[in-house]
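Student: One structure is given below, represented as structure tokens, and several questions about it will come after.
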Amino acid sequence: MYASLNRPYQIIVPEGKAVSQMFAGIAGRYDVANHLLSGGIDFYWRRVLTKMVQAAQPKDVVDLATGSGDVAFKLRDRLGPEIAVKGLDFCEPMLDEARRKKNTDPAYADLQFDFGDCMQLPLPDSCVDAVTISFGVRNFEDRQRGLKEILRVLRPGGRLFVLEFSQPDKWFRPIYYCYLKYILPVVAAIATGDKSAYDYLAGTIENFPTKNALAEQIKLAGFESVQASGLTFSIVAIHQACKA
Ligand SMILES: C[S@@+](CC[C@H](N)C(=O)[O-])C[C@H]1O[C@@H](n2cnc3c(N)ncnc32)[C@H](O)[C@@H]1O
């Protein structure tokens, strides 16, 4: 099924059901762990992502693998209430976190958080101007299938924005991999009580393609004008791509 959950650094292919169960197990502490493990820099990464979306001037946006909804909330803040924003995820406990946060602020009343598996999106063809996905693509059971699903639901001229971990600059790799292997799982275990989920995180990050290789995969799925920008020594990258 899913060797990575038990044996760190043995990432094969994430299996959808196991991924969903793993996120269900950490949903209540996901945000805290996220901010703690990234030293808060994830706020900056999401800010850059949503600025790029704003520059594309979409009329509507779907945030896939939305989890606890932080990108969707940021999109609402930045784009304003005229732009429809919907979050989809296949893990109900993560969606419950998003809904709980939404209910704390009337400004988010019209945000929608629904069940949706990126392998088979519950959306019609050519229905949305922009799709965002942050720290989700890495977990896809079949990356090409997921990317082609996104292409299907985008309108012609629509844009995909992917925020994801990447392979950092060479000089930074030894420090970063040490952090991933020895520090992150321990801190995460304390924060969430689930070390295996963060062994999985470390393993998927180390095995994830470089930004140029991911750009090729996005092109292969049928996207055009693919651009990649690394952030924070390329710990993460944002890929933008267009549907012709
Ligand atoms: C690391 S979290 C990212 C959450 C959020 N986007 C963020 O930036 O914090 C990954 C999320 O992807 C979701 N996910 C993974 N594979 C998915 C799929 N095939 N379809 C829908 N959601 C998926 C998980 O349930 C989880 O909520």
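We name chains A, B, ... following the order of the structure tokens; residues begin at 1 in each chain, and ligands are numbered from 1 as shown.
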When DSSP is applied to the backbone of this structure, which of region 82-200 of chain A are assigned alpha helix (DSSP H)? Write them out as a PyMOL selection string.
Tutor: chain A and resi 92-102+143-153+173-178+184-192+195-200
Student: Enumerate residues in contact with ligand 1: an atom-to-atom distance of at most 8 Å, counting only C-alpha atoms and all ligand atoms. Format the result as a VMD selection string.
Tutor: chain A and resid 16 19 to 20 23 to 24 27 30 to 31 34 46 63 to 71 88 to 92 94 to 95 115 to 119 133 to 141 146 163
Student: If you count only C-alpha atoms, which residues fall within 8 Å of Lys211 (chain A), apart from same-chain ones fewer than 5 positions away, as number ranges by chain?
Tutor: A: 166-167, 228-230, 237, 239
Student: So that I have them on file, write out the residues from the current selection with C-alpha atoms, as a CSV table (one decimal), in the first residue's frame.
Tutor:
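What landed in selection-v8.csv:
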chain,number,residue,atom,x,y,z
A,166,SER,CA,11.1,21.6,-4.7
A,167,GLN,CA,14.8,20.6,-4.7
A,228,ALA,CA,8.7,28.1,-12.5
A,229,SER,CA,10.0,30.4,-9.8
A,230,GLY,CA,11.9,29.1,-6.8
A,237,ALA,CA,8.6,26.6,-6.2
A,239,HIS,CA,4.7,26.9,-11.3
Student: Choose the residue, out of A:Gln144, A:Thr192, A:Gln217, A:Thr104, that has the smallest atom-to-atom separation from Gly25 (chain A); count only C-alpha atoms.
Tutor: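 Nearest candidate to Gly25 (chain A) out of A:Gln144, A:Thr192, A:Gln217, A:Thr104: A:Thr192.
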Student: Output as a PDB file with N, CA and C atoms, in the first residue's frame all residues of region 66-181 of chain A that backbone DSSP marks as strand (DSSP E).
Tutor:
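out.pdb written:
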ATOM      1  N   ALA A  84     -15.415  34.499  -7.130  1.00  0.00           N
ATOM      2  CA  ALA A  84     -15.848  33.262  -6.454  1.00  0.00           C
ATOM      3  C   ALA A  84     -14.637  32.384  -6.148  1.00  0.00           C
ATOM      4  N   VAL A  85     -14.575  31.922  -4.905  1.00  0.00           N
ATOM      5  CA  VAL A  85     -13.479  31.032  -4.489  1.00  0.00           C
ATOM      6  C   VAL A  85     -14.084  29.785  -3.859  1.00  0.00           C
ATOM      7  N   LYS A  86     -13.614  28.642  -4.355  1.00  0.00           N
ATOM      8  CA  LYS A  86     -14.106  27.369  -3.808  1.00  0.00           C
ATOM      9  C   LYS A  86     -12.901  26.497  -3.466  1.00  0.00           C
ATOM     10  N   GLY A  87     -12.973  25.807  -2.331  1.00  0.00           N
ATOM     11  CA  GLY A  87     -11.907  24.875  -1.956  1.00  0.00           C
ATOM     12  C   GLY A  87     -12.400  23.449  -2.035  1.00  0.00           C
ATOM     13  N   LEU A  88     -11.598  22.573  -2.609  1.00  0.00           N
ATOM     14  CA  LEU A  88     -11.946  21.144  -2.683  1.00  0.00           C
ATOM     15  C   LEU A  88     -10.846  20.313  -2.044  1.00  0.00           C
ATOM     16  N   ASP A  89     -11.228  19.239  -1.387  1.00  0.00           N
ATOM     17  CA  ASP A  89     -10.253  18.318  -0.800  1.00  0.00           C
ATOM     18  C   ASP A  89     -10.944  16.960  -0.638  1.00  0.00           C
ATOM     19  N   GLN A 112     -16.766  28.379  -0.267  1.00  0.00           N
ATOM     20  CA  GLN A 112     -17.335  27.030  -0.261  1.00  0.00           C
ATOM     21  C   GLN A 112     -16.214  26.019  -0.084  1.00  0.00           C
ATOM     22  N   PHE A 113     -16.408  25.062   0.806  1.00  0.00           N
ATOM     23  CA  PHE A 113     -15.426  23.987   0.972  1.00  0.00           C
ATOM     24  C   PHE A 113     -16.145  22.659   0.779  1.00  0.00           C
ATOM     25  N   ASP A 114     -15.808  21.975  -0.305  1.00  0.00           N
ATOM     26  CA  ASP A 114     -16.520  20.746  -0.666  1.00  0.00           C
ATOM     27  C   ASP A 114     -15.559  19.579  -0.864  1.00  0.00           C
ATOM     28  N   PHE A 115     -16.141  18.398  -0.772  1.00  0.00           N
ATOM     29  CA  PHE A 115     -15.360  17.196  -1.059  1.00  0.00           C
ATOM     30  C   PHE A 115     -15.029  17.144  -2.552  1.00  0.00           C
ATOM     31  N   VAL A 128     -13.667  27.070 -15.013  1.00  0.00           N
ATOM     32  CA  VAL A 128     -13.050  27.990 -14.052  1.00  0.00           C
ATOM     33  C   VAL A 128     -11.815  28.676 -14.678  1.00  0.00           C
ATOM     34  N   ASP A 129     -11.578  29.920 -14.222  1.00  0.00           N
ATOM     35  CA  ASP A 129     -10.465  30.709 -14.776  1.00  0.00           C
ATOM     36  C   ASP A 129      -9.115  30.356 -14.183  1.00  0.00           C
ATOM     37  N   ALA A 130      -9.100  29.998 -12.899  1.00  0.00           N
ATOM     38  CA  ALA A 130      -7.802  29.721 -12.253  1.00  0.00           C
ATOM     39  C   ALA A 130      -7.945  28.577 -11.267  1.00  0.00           C
ATOM     40  N   VAL A 131      -6.925  27.740 -11.228  1.00  0.00           N
ATOM     41  CA  VAL A 131      -6.836  26.660 -10.244  1.00  0.00           C
ATOM     42  C   VAL A 131      -5.544  26.852  -9.468  1.00  0.00           C
ATOM     43  N   THR A 132      -5.661  26.821  -8.139  1.00  0.00           N
ATOM     44  CA  THR A 132      -4.460  26.839  -7.298  1.00  0.00           C
ATOM     45  C   THR A 132      -4.351  25.488  -6.609  1.00  0.00           C
ATOM     46  N   ILE A 133      -3.127  25.102  -6.334  1.00  0.00           N
ATOM     47  CA  ILE A 133      -2.932  23.894  -5.524  1.00  0.00           C
ATOM     48  C   ILE A 133      -1.618  24.051  -4.771  1.00  0.00           C
ATOM     49  N   SER A 134      -1.730  24.035  -3.457  1.00  0.00           N
ATOM     50  CA  SER A 134      -0.536  24.296  -2.658  1.00  0.00           C
ATOM     51  C   SER A 134      -0.248  23.078  -1.779  1.00  0.00           C
ATOM     52  N   LEU A 154     -10.234  23.765 -16.445  1.00  0.00           N
ATOM     53  CA  LEU A 154      -9.910  25.175 -16.732  1.00  0.00           C
ATOM     54  C   LEU A 154     -10.556  25.613 -18.042  1.00  0.00           C
ATOM     55  N   ARG A 155     -10.967  26.867 -18.084  1.00  0.00           N
ATOM     56  CA  ARG A 155     -11.442  27.442 -19.344  1.00  0.00           C
ATOM     57  C   ARG A 155     -10.228  27.675 -20.255  1.00  0.00           C
ATOM     58  N   PRO A 156     -10.432  27.721 -21.562  1.00  0.00           N
ATOM     59  CA  PRO A 156      -9.320  28.112 -22.430  1.00  0.00           C
ATOM     60  C   PRO A 156      -8.777  29.469 -21.977  1.00  0.00           C
ATOM     61  N   GLY A 157      -7.468  29.571 -21.876  1.00  0.00           N
ATOM     62  CA  GLY A 157      -6.844  30.799 -21.368  1.00  0.00           C
ATOM     63  C   GLY A 157      -6.715  30.798 -19.849  1.00  0.00           C
ATOM     64  N   GLY A 158      -7.304  29.799 -19.198  1.00  0.00           N
ATOM     65  CA  GLY A 158      -7.235  29.717 -17.732  1.00  0.00           C
ATOM     66  C   GLY A 158      -5.849  29.317 -17.265  1.00  0.00           C
ATOM     67  N   ARG A 159      -5.592  29.564 -15.969  1.00  0.00           N
ATOM     68  CA  ARG A 159      -4.228  29.359 -15.471  1.00  0.00           C
ATOM     69  C   ARG A 159      -4.192  28.441 -14.255  1.00  0.00           C
ATOM     70  N   LEU A 160      -3.135  27.663 -14.227  1.00  0.00           N
ATOM     71  CA  LEU A 160      -2.838  26.795 -13.084  1.00  0.00           C
ATOM     72  C   LEU A 160      -1.689  27.402 -12.288  1.00  0.00           C
ATOM     73  N   PHE A 161      -1.803  27.376 -10.959  1.00  0.00           N
ATOM     74  CA  PHE A 161      -0.741  27.855 -10.064  1.00  0.00           C
ATOM     75  C   PHE A 161      -0.438  26.750  -9.057  1.00  0.00           C
ATOM     76  N   VAL A 162       0.776  26.253  -9.084  1.00  0.00           N
ATOM     77  CA  VAL A 162       1.165  25.159  -8.184  1.00  0.00           C
ATOM     78  C   VAL A 162       2.232  25.659  -7.219  1.00  0.00           C
ATOM     79  N   LEU A 163       1.905  25.645  -5.923  1.00  0.00           N
ATOM     80  CA  LEU A 163       2.936  25.910  -4.902  1.00  0.00           C
ATOM     81  C   LEU A 163       3.303  24.557  -4.301  1.00  0.00           C
ATOM     82  N   GLU A 164       4.573  24.223  -4.371  1.00  0.00           N
ATOM     83  CA  GLU A 164       4.968  22.885  -3.901  1.00  0.00           C
ATOM     84  C   GLU A 164       6.431  22.899  -3.468  1.00  0.00           C
ATOM     85  N   PHE A 165       6.783  21.969  -2.613  1.00  0.00           N
ATOM     86  CA  PHE A 165       8.198  21.806  -2.273  1.00  0.00           C
ATOM     87  C   PHE A 165       8.979  21.484  -3.542  1.00  0.00           C
TER      88      PHE A 165
END
Student: Between A:Asp105, A:Glu149, A:Glu97, A:Glu15, which is the closest to Leu123 (chain A) once you count only C-alpha atoms?
Tutor: A:Glu149
Student: So which one's closest to Ala244 (chain A), A:Val32, A:Leu151, A:Val187, A:Ala98? Using only C-alpha atoms, please.
Tutor: A:Leu151
Student: Go through A:Ala72, A:Phe233, A:Tyr198, A:Gln21 and flag the residue nearest Ile183 (chain A), using only C-alpha atoms for the distances.
Tutor: A:Tyr198
Student: In Å, with one decimal, what is the gap from CA of Glu216 (chain A) to CA of Arg143 (chain A)?
Tutor: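 Separating CA of Glu216 (chain A) from CA of Arg143 (chain A) is a distance of 12.1 Å.
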Student: Skipping near chain neighbours, those fewer than 4 positions away, what residues fall within 12 Å of Glu82 (chain A) using only C-alpha atoms, listed as a list of chain:residue names?
Tutor: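 My reading of the contact set: A:Gln57, A:Pro58, A:Lys59, A:Asp60, A:Val61, A:Leu75, A:Arg76, A:Asp77, A:Arg78, A:Ala107, A:Asp110, A:Leu111.
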